[in-house]
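One file, model_35.cif, carrying mmCIF, C-alpha atoms:
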data_upload
#
loop_
_atom_site.label_atom_id
_atom_site.label_comp_id
_atom_site.auth_asym_id
_atom_site.auth_seq_id
_atom_site.Cartn_x
_atom_site.Cartn_y
_atom_site.Cartn_z
CA MET A 1386 -94.48 -17.11 -78.25
CA PRO A 1387 -94.65 -13.33 -77.63
CA ALA A 1388 -90.84 -13.33 -77.09
CA GLU A 1389 -90.45 -15.31 -80.27
CA THR A 1390 -92.66 -12.84 -82.16
CA ARG A 1391 -90.82 -9.85 -80.74
CA ARG A 1392 -87.49 -11.32 -81.71
CA ARG A 1393 -88.72 -11.94 -85.22
CA THR A 1394 -90.09 -8.39 -85.50
CA ASN A 1395 -86.78 -7.00 -84.28
CA ARG A 1396 -84.90 -9.16 -86.72
CA GLU A 1397 -87.14 -8.02 -89.58
CA ARG A 1398 -86.77 -4.40 -88.58
CA LEU A 1399 -83.01 -4.78 -88.47
CA ALA A 1400 -82.97 -6.52 -91.86
CA ALA A 1401 -85.15 -3.81 -93.35
CA ARG A 1402 -82.85 -1.10 -92.00
CA ARG A 1403 -79.78 -2.86 -93.34
CA ALA A 1404 -81.46 -3.25 -96.72
CA ALA A 1405 -82.35 0.44 -96.77
CA GLU A 1406 -78.79 1.39 -95.86
CA ALA A 1407 -77.42 -0.90 -98.54
CA ALA A 1408 -79.80 0.60 -101.07
CA ALA A 1409 -78.76 4.11 -100.07
CA ARG A 1410 -75.10 3.15 -100.36
CA ALA A 1411 -75.74 1.62 -103.77
CA ARG A 1412 -77.56 4.77 -104.86
CA ALA A 1413 -74.72 6.99 -103.66
CA GLU A 1414 -72.19 4.75 -105.35
CA ARG A 1415 -74.20 4.82 -108.59
CA ARG A 1416 -74.47 8.61 -108.44
CA ARG A 1417 -70.74 8.89 -107.80
CA ARG A 1418 -69.97 6.68 -110.77
CA THR A 1419 -72.37 8.62 -113.02
CA VAL A 1420 -70.75 11.94 -112.08
CA LEU A 1421 -67.28 10.50 -112.59
CA GLY A 1422 -68.31 8.98 -115.92
CA GLY A 1423 -69.81 12.29 -116.99
CA VAL A 1424 -66.66 14.22 -116.13
CA VAL A 1425 -64.51 11.68 -117.98
CA ALA A 1426 -66.83 11.80 -121.01
CA VAL A 1427 -66.74 15.61 -121.13
CA VAL A 1428 -62.94 15.63 -120.86
CA VAL A 1429 -62.65 13.01 -123.61
CA VAL A 1430 -64.91 15.05 -125.91
CA ILE A 1431 -62.96 18.26 -125.25
CA VAL A 1432 -59.65 16.51 -125.91
CA GLY A 1433 -61.15 14.97 -129.06
CA VAL A 1434 -62.27 18.39 -130.31
CA VAL A 1435 -58.83 19.93 -129.69
CA VAL A 1436 -57.01 17.01 -131.34
CA ALA A 1437 -59.39 17.13 -134.33
CA ILE A 1438 -58.85 20.86 -134.78
CA VAL A 1439 -55.06 20.49 -134.68
CA VAL A 1440 -54.93 17.46 -136.98
CA GLN A 1441 -57.44 18.82 -139.50
CA MET A 1442 -55.68 22.21 -139.57
CA GLN A 1443 -52.54 20.40 -140.67
CA ARG A 1444 -54.38 18.21 -143.16
CA SER A 1445 -56.16 21.15 -144.79
CA ALA A 1446 -53.12 23.45 -144.86
CA PRO A 1447 -52.34 24.29 -148.47
CA ALA A 1448 -49.73 21.90 -149.78
CA ALA A 1449 -46.35 23.62 -149.70
CA GLY A 1450 -45.67 25.08 -153.12
CA ALA A 1451 -48.90 23.94 -154.76
CA ALA A 1452 -47.76 24.42 -158.34
CA ALA A 1453 -50.00 26.88 -160.16
CA PRO A 1454 -50.08 26.30 -163.90
CA ALA A 1455 -48.39 28.92 -166.04
CA HIS A 1456 -50.60 31.72 -167.42
CA THR A 1457 -52.82 31.98 -164.33
CA VAL A 1458 -53.59 35.38 -162.85
CA ASP A 1459 -53.53 35.77 -159.04
CA GLY A 1460 -52.73 32.09 -158.71
CA THR A 1461 -56.11 30.65 -159.62
CA VAL A 1462 -57.75 32.84 -162.27
CA ILE A 1463 -57.57 31.93 -165.96
CA ALA A 1464 -57.95 35.10 -167.99
CA VAL A 1465 -58.94 34.93 -171.64
CA GLY A 1466 -58.88 38.05 -173.82
CA SER A 1467 -57.27 41.43 -173.55
CA ALA A 1468 -56.42 42.74 -170.08
CA ASP A 1469 -57.33 46.20 -171.46
CA ALA A 1470 -60.92 45.18 -172.24
CA PRO A 1471 -63.35 47.64 -170.63
CA VAL A 1472 -65.51 44.92 -169.04
CA THR A 1473 -64.51 41.85 -167.07
CA VAL A 1474 -66.73 38.82 -166.79
CA ASP A 1475 -65.92 36.38 -163.97
CA LEU A 1476 -67.20 32.85 -164.41
CA TYR A 1477 -67.25 30.25 -161.62
CA GLU A 1478 -67.85 26.82 -163.10
CA ASP A 1479 -67.48 23.11 -162.48
CA PHE A 1480 -66.93 20.94 -165.56
CA GLN A 1481 -69.47 18.39 -164.27
CA CYS A 1482 -72.20 20.96 -163.52
CA PRO A 1483 -75.17 20.61 -165.89
CA ASN A 1484 -76.35 24.20 -165.35
CA CYS A 1485 -72.88 25.35 -166.39
CA LYS A 1486 -73.28 23.42 -169.64
CA ALA A 1487 -76.70 24.99 -170.14
CA PHE A 1488 -75.15 28.42 -169.57
CA GLU A 1489 -72.25 27.66 -171.93
CA ASP A 1490 -74.64 26.35 -174.62
CA ALA A 1491 -76.74 29.50 -174.32
CA THR A 1492 -74.04 32.16 -174.05
CA GLY A 1493 -70.73 30.61 -175.15
CA SER A 1494 -70.69 32.09 -178.67
CA THR A 1495 -71.92 35.47 -177.41
CA LEU A 1496 -69.14 35.64 -174.83
CA ALA A 1497 -66.57 34.47 -177.42
CA GLY A 1498 -67.67 37.34 -179.70
CA LEU A 1499 -67.38 39.89 -176.88
CA VAL A 1500 -63.91 38.60 -176.01
CA ALA A 1501 -62.85 38.59 -179.68
CA ASP A 1502 -63.85 42.21 -180.29
CA GLY A 1503 -62.00 43.33 -177.18
CA THR A 1504 -65.05 44.34 -175.13
CA VAL A 1505 -64.67 41.66 -172.50
CA GLN A 1506 -61.93 39.85 -170.65
CA ALA A 1507 -63.27 36.51 -169.43
CA ARG A 1508 -61.87 35.38 -166.08
CA TYR A 1509 -62.50 31.69 -165.42
CA HIS A 1510 -62.50 30.42 -161.82
CA GLY A 1511 -62.46 26.63 -161.72
CA MET A 1512 -64.31 24.73 -159.02
CA ALA A 1513 -64.31 20.99 -158.45
CA PHE A 1514 -67.01 19.89 -156.02
CA LEU A 1515 -68.96 17.33 -158.04
CA ASP A 1516 -66.44 14.54 -157.64
CA THR A 1517 -68.01 11.15 -157.00
CA SER A 1518 -66.64 7.65 -156.99
CA ALA A 1519 -69.01 6.90 -159.90
CA ASN A 1520 -67.43 9.58 -162.11
CA ASP A 1521 -63.94 8.77 -160.81
CA GLN A 1522 -63.45 12.33 -159.44
CA TYR A 1523 -64.29 13.80 -162.84
CA SER A 1524 -64.56 17.41 -161.62
CA THR A 1525 -61.01 17.31 -160.32
CA ARG A 1526 -59.61 15.40 -163.32
CA ALA A 1527 -61.26 17.78 -165.79
CA LEU A 1528 -60.05 20.95 -164.05
CA ASN A 1529 -56.56 19.46 -163.72
CA ALA A 1530 -56.57 18.66 -167.43
CA ALA A 1531 -57.70 22.22 -168.18
CA ALA A 1532 -54.75 23.48 -166.11
CA VAL A 1533 -52.41 21.23 -168.10
CA VAL A 1534 -53.75 22.66 -171.37
CA LEU A 1535 -53.41 26.21 -170.04
CA ALA A 1536 -49.84 25.65 -168.84
CA THR A 1537 -48.81 23.96 -172.08
CA ALA A 1538 -50.57 26.00 -174.73
CA GLY A 1539 -51.92 29.18 -173.13
CA PRO A 1540 -55.35 30.75 -172.50
CA ASP A 1541 -56.77 30.38 -176.01
CA ALA A 1542 -56.11 26.63 -175.97
CA PHE A 1543 -57.69 26.54 -172.50
CA GLN A 1544 -60.78 28.23 -173.93
CA ALA A 1545 -60.96 25.67 -176.74
CA PHE A 1546 -60.54 22.78 -174.28
CA HIS A 1547 -63.12 24.32 -171.94
CA ASP A 1548 -65.63 24.54 -174.81
CA LEU A 1549 -64.90 20.95 -175.88
CA LEU A 1550 -65.50 19.63 -172.34
CA TYR A 1551 -68.86 21.41 -172.07
CA ALA A 1552 -69.86 20.24 -175.54
CA HIS A 1553 -69.11 16.67 -174.46
CA GLN A 1554 -70.09 16.93 -170.81
CA PRO A 1555 -70.73 13.48 -169.33
CA ALA A 1556 -74.14 12.89 -167.76
CA GLU A 1557 -74.44 13.72 -164.06
CA GLY A 1558 -74.30 10.47 -162.11
CA GLY A 1559 -72.54 8.83 -165.06
CA SER A 1560 -68.96 7.67 -165.24
CA GLY A 1561 -67.31 10.91 -166.43
CA LEU A 1562 -64.91 11.25 -169.34
CA THR A 1563 -61.92 8.95 -169.19
CA ASP A 1564 -58.35 10.22 -168.97
CA ASP A 1565 -57.91 8.98 -172.55
CA GLN A 1566 -60.74 11.23 -173.70
CA LEU A 1567 -59.32 14.18 -171.75
CA VAL A 1568 -55.94 13.66 -173.41
CA GLN A 1569 -57.63 13.46 -176.81
CA TYR A 1570 -59.56 16.73 -176.27
CA ALA A 1571 -56.39 18.38 -174.95
CA THR A 1572 -54.59 17.47 -178.16
CA GLN A 1573 -57.56 18.69 -180.19
CA ALA A 1574 -57.43 22.02 -178.30
CA GLY A 1575 -53.79 22.42 -179.22
CA ALA A 1576 -51.97 21.14 -176.16
CA THR A 1577 -49.31 18.83 -177.51
CA GLY A 1578 -46.08 17.70 -175.99
CA THR A 1579 -44.61 14.82 -174.12
CA THR A 1580 -45.78 15.89 -170.67
CA VAL A 1581 -49.45 16.59 -171.46
CA GLU A 1582 -50.63 13.00 -171.15
CA LYS A 1583 -48.58 12.33 -168.02
CA ASP A 1584 -49.72 15.55 -166.30
CA ILE A 1585 -53.35 14.73 -167.06
CA ARG A 1586 -53.10 11.15 -165.77
CA ASP A 1587 -51.00 12.03 -162.69
CA LEU A 1588 -53.16 14.98 -161.58
CA THR A 1589 -50.10 17.19 -161.61
CA TYR A 1590 -52.22 20.22 -160.66
CA GLY A 1591 -54.38 18.34 -158.12
CA ASP A 1592 -53.31 20.62 -155.27
CA TRP A 1593 -53.97 23.66 -157.41
CA VAL A 1594 -57.48 22.35 -158.15
CA ARG A 1595 -58.18 22.21 -154.41
CA GLN A 1596 -56.69 25.66 -153.96
CA SER A 1597 -58.88 27.03 -156.74
CA THR A 1598 -62.01 25.47 -155.22
CA ASP A 1599 -61.11 26.96 -151.82
CA GLN A 1600 -60.52 30.36 -153.40
CA ALA A 1601 -64.04 30.32 -154.84
CA SER A 1602 -65.35 29.63 -151.35
CA LYS A 1603 -63.35 32.59 -150.03
CA ASP A 1604 -64.80 34.68 -152.85
CA GLY A 1605 -68.22 33.83 -151.42
CA VAL A 1606 -69.25 31.67 -154.36
CA THR A 1607 -71.17 28.52 -153.46
CA SER A 1608 -73.17 27.69 -156.55
CA THR A 1609 -72.29 27.19 -160.19
CA PRO A 1610 -72.51 28.81 -162.58
CA THR A 1611 -71.90 32.13 -160.85
CA VAL A 1612 -71.26 34.90 -163.36
CA LEU A 1613 -70.14 38.39 -162.41
CA VAL A 1614 -70.13 41.23 -164.93
CA ASP A 1615 -67.71 43.87 -163.63
CA GLY A 1616 -68.20 42.34 -160.20
CA LYS A 1617 -72.00 42.42 -160.35
CA ARG A 1618 -73.84 39.13 -160.25
CA LEU A 1619 -75.60 38.26 -163.49
CA ALA A 1620 -79.12 37.06 -162.74
CA ASP A 1621 -80.33 36.43 -166.28
CA LEU A 1622 -78.03 33.67 -167.53
CA SER A 1623 -79.04 33.98 -171.19
CA ALA A 1624 -77.26 35.44 -174.22
CA ASN A 1625 -79.52 38.50 -174.04
CA GLY A 1626 -78.95 38.86 -170.31
CA LEU A 1627 -75.18 38.71 -170.77
CA ASN A 1628 -75.25 41.16 -173.70
CA ALA A 1629 -77.40 43.64 -171.79
CA ALA A 1630 -75.21 43.46 -168.67
CA VAL A 1631 -72.01 43.90 -170.68
CA THR A 1632 -73.47 46.81 -172.63
CA ALA A 1633 -74.56 48.48 -169.40
CA ALA A 1634 -71.16 47.91 -167.82
CA ALA A 1635 -69.32 49.22 -170.89
CA GLY A 1636 -71.55 52.30 -171.02
CA GLY A 1637 -71.16 53.06 -167.31
CA MET B 12 -108.83 -4.64 -106.57
CA VAL B 13 -109.94 -6.24 -109.80
CA ARG B 14 -110.68 -2.85 -111.32
CA GLY B 15 -107.28 -1.59 -110.21
CA THR B 16 -105.48 -4.51 -111.76
CA THR B 17 -107.26 -4.01 -115.07
CA LEU B 18 -106.41 -0.31 -115.11
CA ARG B 19 -102.87 -1.04 -114.20
CA GLY B 20 -102.65 -3.69 -116.88
CA VAL B 21 -103.72 -1.19 -119.51
CA ARG B 22 -101.23 1.37 -118.27
CA TRP B 23 -98.50 -1.22 -118.27
CA ASN B 24 -99.03 -1.92 -121.97
CA ALA B 25 -98.77 1.75 -122.81
CA ALA B 26 -95.75 2.10 -120.57
CA ALA B 27 -94.11 -0.96 -122.14
CA ALA B 28 -94.24 0.54 -125.64
CA GLY B 29 -92.65 3.84 -124.57
CA PRO B 30 -89.17 2.52 -123.79
CA TRP B 31 -89.03 0.70 -127.11
CA LEU B 32 -90.03 3.91 -128.92
CA ALA B 33 -87.28 5.68 -127.00
CA THR B 34 -84.85 2.99 -128.16
CA GLY B 35 -85.93 3.61 -131.75
CA ALA B 36 -85.47 7.37 -131.35
CA ARG B 37 -82.03 6.78 -129.81
CA LEU B 38 -80.87 4.56 -132.67
CA VAL B 39 -82.17 6.82 -135.47
CA LEU B 40 -80.91 10.04 -133.90
CA GLY B 41 -77.60 8.49 -132.83
CA GLY B 42 -77.08 6.85 -136.21
CA VAL B 43 -77.70 10.09 -138.11
CA PHE B 44 -75.33 12.04 -135.84
CA VAL B 45 -72.51 9.49 -136.07
CA VAL B 46 -72.81 9.25 -139.87
CA ALA B 47 -73.09 13.03 -140.31
CA GLY B 48 -70.04 13.59 -138.11
CA ALA B 49 -67.94 10.85 -139.71
CA LEU B 50 -68.62 12.07 -143.26
CA LYS B 51 -67.25 15.52 -142.40
CA ILE B 52 -63.82 14.22 -141.40
CA PRO B 53 -62.19 12.79 -144.57
CA ASP B 54 -62.11 16.13 -146.46
CA PRO B 55 -61.29 18.96 -144.02
CA ALA B 56 -61.10 21.57 -146.79
CA ALA B 57 -64.67 20.75 -147.80
CA ALA B 58 -65.79 21.01 -144.16
CA VAL B 59 -64.31 24.50 -143.97
CA ARG B 60 -66.01 25.56 -147.20
CA ALA B 61 -69.33 24.17 -145.96
CA VAL B 62 -69.19 26.25 -142.77
CA ARG B 63 -67.96 29.34 -144.63
CA ALA B 64 -70.81 29.00 -147.13
CA TYR B 65 -73.35 30.07 -144.49
CA ARG B 66 -71.57 33.44 -144.10
CA LEU B 67 -72.52 33.53 -140.44
CA LEU B 68 -69.14 33.13 -138.74
CA PRO B 69 -66.08 35.38 -138.90
CA GLU B 70 -63.26 33.71 -140.82
CA PRO B 71 -61.06 32.87 -137.77
CA LEU B 72 -63.92 30.80 -136.29
CA VAL B 73 -64.75 28.93 -139.49
CA ALA B 74 -62.04 26.27 -139.31
CA PRO B 75 -62.37 25.47 -135.57
CA VAL B 76 -66.13 25.02 -135.96
CA ALA B 77 -65.67 22.94 -139.12
CA PHE B 78 -63.21 20.63 -137.37
CA GLY B 79 -64.70 20.54 -133.86
CA LEU B 80 -68.35 20.07 -134.78
CA PRO B 81 -67.94 16.56 -136.27
CA VAL B 82 -66.31 15.33 -133.04
CA VAL B 83 -69.20 16.67 -130.98
CA GLU B 84 -71.70 15.12 -133.39
CA ILE B 85 -70.00 11.72 -133.16
CA ALA B 86 -69.79 11.91 -129.35
CA VAL B 87 -73.49 12.77 -129.04
CA GLY B 88 -74.37 10.06 -131.57
CA LEU B 89 -72.31 7.39 -129.80
CA ALA B 90 -73.85 8.24 -126.43
CA LEU B 91 -77.32 7.82 -127.95
CA LEU B 92 -76.45 4.58 -129.74
CA LEU B 93 -74.91 3.06 -126.61
CA GLY B 94 -77.59 4.43 -124.31
CA VAL B 95 -75.34 6.28 -121.88
CA PHE B 96 -76.11 9.81 -120.64
CA VAL B 97 -79.18 9.61 -122.84
CA ARG B 98 -80.96 12.69 -121.47
CA THR B 99 -77.83 14.85 -121.68
CA ALA B 100 -77.06 13.58 -125.18
CA ALA B 101 -80.65 14.14 -126.31
CA ILE B 102 -80.56 17.72 -125.01
CA ALA B 103 -77.20 18.29 -126.74
CA ALA B 104 -78.62 16.86 -129.97
CA ALA B 105 -81.65 19.15 -129.66
CA VAL B 106 -79.41 22.19 -129.13
CA LEU B 107 -77.29 21.27 -132.18
CA LEU B 108 -80.40 20.73 -134.30
CA VAL B 109 -81.79 24.12 -133.28
CA VAL B 110 -78.48 25.70 -134.32
CA PHE B 111 -78.61 23.82 -137.65
CA LEU B 112 -82.22 24.87 -138.23
CA VAL B 113 -81.42 28.52 -137.52
CA ALA B 114 -78.39 28.38 -139.84
CA VAL B 115 -80.22 26.66 -142.69
CA GLY B 116 -83.28 28.85 -142.21
CA SER B 117 -81.20 32.02 -142.32
CA ALA B 118 -79.37 30.84 -145.45
CA TRP B 119 -82.76 30.15 -147.03
CA ALA B 120 -84.15 33.52 -145.95
CA ARG B 121 -81.08 35.35 -147.26
CA GLY B 122 -81.44 33.57 -150.59
CA LEU B 123 -78.02 31.94 -150.41
CA GLN B 124 -77.46 29.18 -152.92
CA ILE B 125 -75.84 26.55 -150.72
CA ASP B 126 -76.04 22.94 -149.75
CA CYS B 127 -76.41 22.48 -145.99
CA GLY B 128 -73.18 20.45 -145.86
CA CYS B 129 -74.91 18.24 -143.33
CA PHE B 130 -73.28 15.08 -144.62
CA GLY B 131 -69.82 16.16 -145.56
CA THR B 132 -69.95 18.17 -148.76
CA GLY B 133 -68.37 21.57 -149.28
CA GLY B 134 -71.64 23.49 -149.28
CA GLU B 135 -71.60 24.13 -153.02
CA VAL B 136 -74.57 23.35 -155.23
CA ALA B 137 -75.33 23.56 -158.91
CA ALA B 138 -77.57 26.59 -159.43
CA GLY B 139 -81.19 25.90 -158.57
CA LYS B 140 -80.39 22.64 -156.81
CA THR B 141 -80.87 23.85 -153.23
CA ALA B 142 -82.94 21.58 -150.98
CA TYR B 143 -83.96 23.86 -148.10
CA PRO B 144 -87.46 22.40 -147.50
CA LEU B 145 -86.07 18.87 -147.22
CA GLU B 146 -83.23 19.98 -144.94
CA VAL B 147 -85.57 21.90 -142.64
CA PHE B 148 -88.04 19.02 -142.54
CA ARG B 149 -85.32 16.50 -141.70
CA ASP B 150 -83.81 18.61 -138.95
CA GLY B 151 -87.27 19.39 -137.60
CA ALA B 152 -88.22 15.71 -137.41
CA LEU B 153 -84.93 14.86 -135.69
CA LEU B 154 -85.43 17.76 -133.26
CA LEU B 155 -88.84 16.37 -132.32
CA ALA B 156 -87.29 12.95 -131.65
CA ALA B 157 -84.53 14.55 -129.55
CA LEU B 158 -87.02 16.52 -127.45
CA LEU B 159 -89.21 13.48 -126.80
CA LEU B 160 -86.12 11.52 -125.83
CA ALA B 161 -84.96 14.28 -123.49
CA ARG B 162 -88.38 14.19 -121.82
CA ARG B 163 -88.49 10.39 -121.49
CA PRO B 164 -84.98 9.02 -121.81
CA ALA B 165 -85.74 5.59 -120.31
CA SER B 166 -85.32 2.98 -123.03
CA ARG B 167 -84.51 -0.67 -123.75
CA LEU B 168 -81.13 -1.94 -124.93
CA ALA B 169 -79.26 0.83 -123.13
CA LEU B 170 -75.93 0.41 -121.39
CA GLY B 171 -76.41 3.15 -118.83
CA GLY B 172 -79.16 4.73 -116.77
CA ARG B 173 -81.93 3.14 -114.77
CA PRO B 174 -83.82 0.35 -116.50
CA ALA B 175 -87.17 1.33 -117.93
CA VAL B 176 -89.76 0.09 -115.44
CA ASP B 177 -93.12 1.46 -114.39
CA PRO B 178 -92.17 4.39 -112.17
CA VAL B 179 -95.05 3.81 -109.72
CA ALA B 180 -93.47 0.57 -108.49
CA PRO B 181 -90.03 1.54 -107.27
CA GLU B 182 -89.48 -1.77 -105.47
CA GLU B 183 -89.57 -3.38 -108.86
CA TYR B 184 -86.23 -1.76 -109.67
CA SER B 185 -84.22 -3.68 -107.13
CA ARG B 186 -85.89 -6.93 -107.98
CA ALA B 187 -85.56 -6.34 -111.73
CA ARG B 188 -81.90 -5.65 -111.29
#
Rewrite the structure from the file as structure tokens, please.
Amino acid sequence: MPAETRRRTNRERLAARRAAEAAARARAERRRRTVLGGVVAVVVVIVGVVVAIVVQMQRSAPAAGAAAPAHTVDGTVIAVGSADAPVTVDLYEDFQCPNCKAFEDATGSTLAGLVADGTVQARYHGMAFLDTSANDQYSTRALNAAAVVLATAGPDAFQAFHDLLYAHQPAEGGSGLTDDQLVQYATQAGATGTTVEKDIRDLTYGDWVRQSTDQASKDGVTSTPTVLVDGKRLADLSANGLNAAVTAAAGG
Amino acid sequence: MVRGTTLRGVRWNAAAAGPWLATGARLVLGGVFVVAGALKIPDPAAAVRAVRAYRLLPEPLVAPVAFGLPVVEIAVGLALLLGVFVRTAAIAAAVLLVVFLVAVGSAWARGLQIDCGCFGTGGEVAAGKTAYPLEVFRDGALLLAALLLARRPASRLALGGRPAVDPVAPEEYSRAR
């Protein structure tokens, strides 16, 4: 019996030691695999980052020869009024932006008067960032159509088209104006010709619209409307505010 | 003995809920990161504008950050969703969220009119439509989840890591496995 007991104790001790060794081996193996997995994961992420940077750089590179519409200044600016006007007013707007409509409703006629009497040159900078699937990329379609009108009929027709689009701005979250309506307003603004309808429907200036939106970003503009009077940001977006700022700029 | 069992039973219930909470934190945090990263990829120009809008980085760094960040976000999010390298991923998520909070907070403090660009827009907003309080609250809540997860990463439904079992009974591991 004692021999039997001793043998069993020895056997148990041996089994326990083997189990402990196996557990230690398993732990070491698990640790090794975790480290290996971690290294692989880090390498995969780094490669992914590098690939993404290279691919996205190519995708976001400006399309070769993005056609700027005729009559633009510096590629993306649409200038209305005399270049000799003593004051320049820069306007950054999106055709779908409700606050831009509010600004246009409040100050449009005032600005038109200042441009007409030669005090102000208005410089429009188009932005298109309110595209949604619901409005069928209305911001982009509207700015493209405005470029078509500008290229076909010049800055004054652009101004008329611009005013028509704000007067008939579609509700935010709505479906946007249709291409048919854009063509109709373009005609009304004085842009006629065989290519107008096609250029509006085919987004002929789509690349230019992107370029214009990027230029606004480079100009440090992130919200619309942003209005600069002789380069100084206009805080009071009312007719009185605009008048006062222009008067001050003209006097100084 | 009886007292001990009762106490242990109570602790077990509390301990059993923890891993499931960690699973919830993993799925929410991971889901948000994967979605946020994926939405920044289709329009690279918008991603660049969103980063530039903060006016924190010099121009040469804007594009690499705009293009690299989504990949990191997706990697961190996938790790959390799958349950591999949970603690590391949670710490990475926390670091990213702190960076986001600092960036959004500084834009707010400087009075910039921007959208955070968190979910793939170009950072532009219509005047007066900024949403800084919401953005800070959201990032803050996610940061809290990430920190809790980094502290207690053990969770259910995870592919990697040790299974979540009461840590005072190590023998249970081998038998549970």
Near Gly151 in chain B, within 12 Å and counting all atoms listed in the file, which residues show up once chain neighbours fewer than 3 positions away are dropped, as a CSV table (one decimal) with C-alpha atoms, keeping the file's coordinate frame?
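Below is the file result_38.csv, written as the result:
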chain,number,residue,atom,x,y,z
B,40,LEU,CA,-80.9,10.0,-133.9
B,104,ALA,CA,-78.6,16.9,-130.0
B,105,ALA,CA,-81.6,19.2,-129.7
B,106,VAL,CA,-79.4,22.2,-129.1
B,107,LEU,CA,-77.3,21.3,-132.2
B,108,LEU,CA,-80.4,20.7,-134.3
B,109,VAL,CA,-81.8,24.1,-133.3
B,110,VAL,CA,-78.5,25.7,-134.3
B,111,PHE,CA,-78.6,23.8,-137.6
B,112,LEU,CA,-82.2,24.9,-138.2
B,113,VAL,CA,-81.4,28.5,-137.5
B,115,VAL,CA,-80.2,26.7,-142.7
B,116,GLY,CA,-83.3,28.8,-142.2
B,143,TYR,CA,-84.0,23.9,-148.1
B,144,PRO,CA,-87.5,22.4,-147.5
B,145,LEU,CA,-86.1,18.9,-147.2
B,146,GLU,CA,-83.2,20.0,-144.9
B,147,VAL,CA,-85.6,21.9,-142.6
B,148,PHE,CA,-88.0,19.0,-142.5
B,154,LEU,CA,-85.4,17.8,-133.3
B,155,LEU,CA,-88.8,16.4,-132.3
B,156,ALA,CA,-87.3,13.0,-131.6
B,157,ALA,CA,-84.5,14.6,-129.6
B,158,LEU,CA,-87.0,16.5,-127.4
- Item | 10 Å contacts from chain A to chain B using all atoms listed in the file, as a count of residues only | 52
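Picture a line from CA of Val1465 in chain A to CA of Thr1589 in chain A; it runs 22.2 Å.
When the PyMOL selection byres ((chain B and resi 166) around 10) is run on the displayed coordinates, the residues it returns are Ala27, Ala28, Gly29, Pro30, Trp31, Leu32, Ala33, Thr34, Gly35, Ala36, Arg37, Gly94, Val97, Leu160, Arg163, Pro164, Ala165, Arg167, Leu168, Ala169, Leu170, Gly171, Gly172, Arg173, Pro174, Ala175 and Val176 of chain B.
Note that CA of Val1614 in chain A and CA of Val1472 in chain A are 7.2 Å apart.
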- Task: Evaluate the PyMOL selection byres ((chain A and resi 1486-1495) around 9) and record the selected residues as a ChimeraX atom specification, following the chain and residue labels used in the document.
- Result: /A:1480-1485,1496-1500,1548,1551-1552,1554,1610,1622-1625,1627-1628
- Select all residues near (-58.8, 24.8, -171.6) (cut-off 10 Å, inclusive, file coordinates), counting all atoms listed in the file, and output them as a PyMOL selection string. chain A and resi 1463+1509+1527-1536+1538-1550+1570-1571+1574-1576
- Could you check how far CA of Arg149 in chain B sits from CA of Leu68 in chain B, in Å to one decimal? 23.4 Å
- Exercise: residues within 8 Å of coordinate (-61.5, 41.1, -175.2), counting only C-alpha atoms, as JSON, numbers by chain: {"A": [1465, 1466, 1467, 1468, 1469, 1470, 1499, 1500, 1501, 1502, 1503, 1504, 1505, 1506, 1507]}
- Item | Selection under test: the PyMOL selection byres ((chain A and resi 1583) around 12); residues as a list in words | Asn1529, Ala1530, Val1533, Asp1564, Asp1565, Leu1567, Val1568, Thr1577, Gly1578, Thr1579, Thr1580, Val1581, Glu1582, Asp1584, Ile1585, Arg1586, Asp1587, Leu1588, Thr1589 and Tyr1590 of chain A
Fix up range 154-160 of chain B with N, CA, C and O atoms, then write it as an mmCIF file, in the frame of the given file.
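Below is the file rebuild34.cif, written as the result:
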data_model
loop_
_atom_site.group_PDB
_atom_site.id
_atom_site.type_symbol
_atom_site.label_atom_id
_atom_site.label_comp_id
_atom_site.auth_asym_id
_atom_site.auth_seq_id
_atom_site.Cartn_x
_atom_site.Cartn_y
_atom_site.Cartn_z
ATOM 1 N N LEU B 154 -85.308 16.939 -134.467
ATOM 2 C CA LEU B 154 -85.430 17.760 -133.260
ATOM 3 C C LEU B 154 -86.578 17.248 -132.404
ATOM 4 O O LEU B 154 -86.463 17.142 -131.177
ATOM 5 N N LEU B 155 -87.696 16.903 -133.053
ATOM 6 C CA LEU B 155 -88.840 16.370 -132.320
ATOM 7 C C LEU B 155 -88.442 15.091 -131.581
ATOM 8 O O LEU B 155 -88.734 14.915 -130.382
ATOM 9 N N ALA B 156 -87.749 14.193 -132.275
ATOM 10 C CA ALA B 156 -87.290 12.950 -131.650
ATOM 11 C C ALA B 156 -86.375 13.240 -130.466
ATOM 12 O O ALA B 156 -86.494 12.624 -129.397
ATOM 13 N N ALA B 157 -85.471 14.214 -130.625
ATOM 14 C CA ALA B 157 -84.530 14.550 -129.550
ATOM 15 C C ALA B 157 -85.265 15.095 -128.336
ATOM 16 O O ALA B 157 -84.947 14.745 -127.191
ATOM 17 N N LEU B 158 -86.287 15.928 -128.574
ATOM 18 C CA LEU B 158 -87.020 16.520 -127.450
ATOM 19 C C LEU B 158 -87.821 15.460 -126.699
ATOM 20 O O LEU B 158 -87.852 15.442 -125.472
ATOM 21 N N LEU B 159 -88.453 14.549 -127.454
ATOM 22 C CA LEU B 159 -89.210 13.480 -126.800
ATOM 23 C C LEU B 159 -88.272 12.605 -125.969
ATOM 24 O O LEU B 159 -88.598 12.194 -124.856
ATOM 25 N N LEU B 160 -87.097 12.352 -126.522
ATOM 26 C CA LEU B 160 -86.120 11.520 -125.830
ATOM 27 C C LEU B 160 -85.598 12.224 -124.582
ATOM 28 O O LEU B 160 -85.371 11.586 -123.545
#
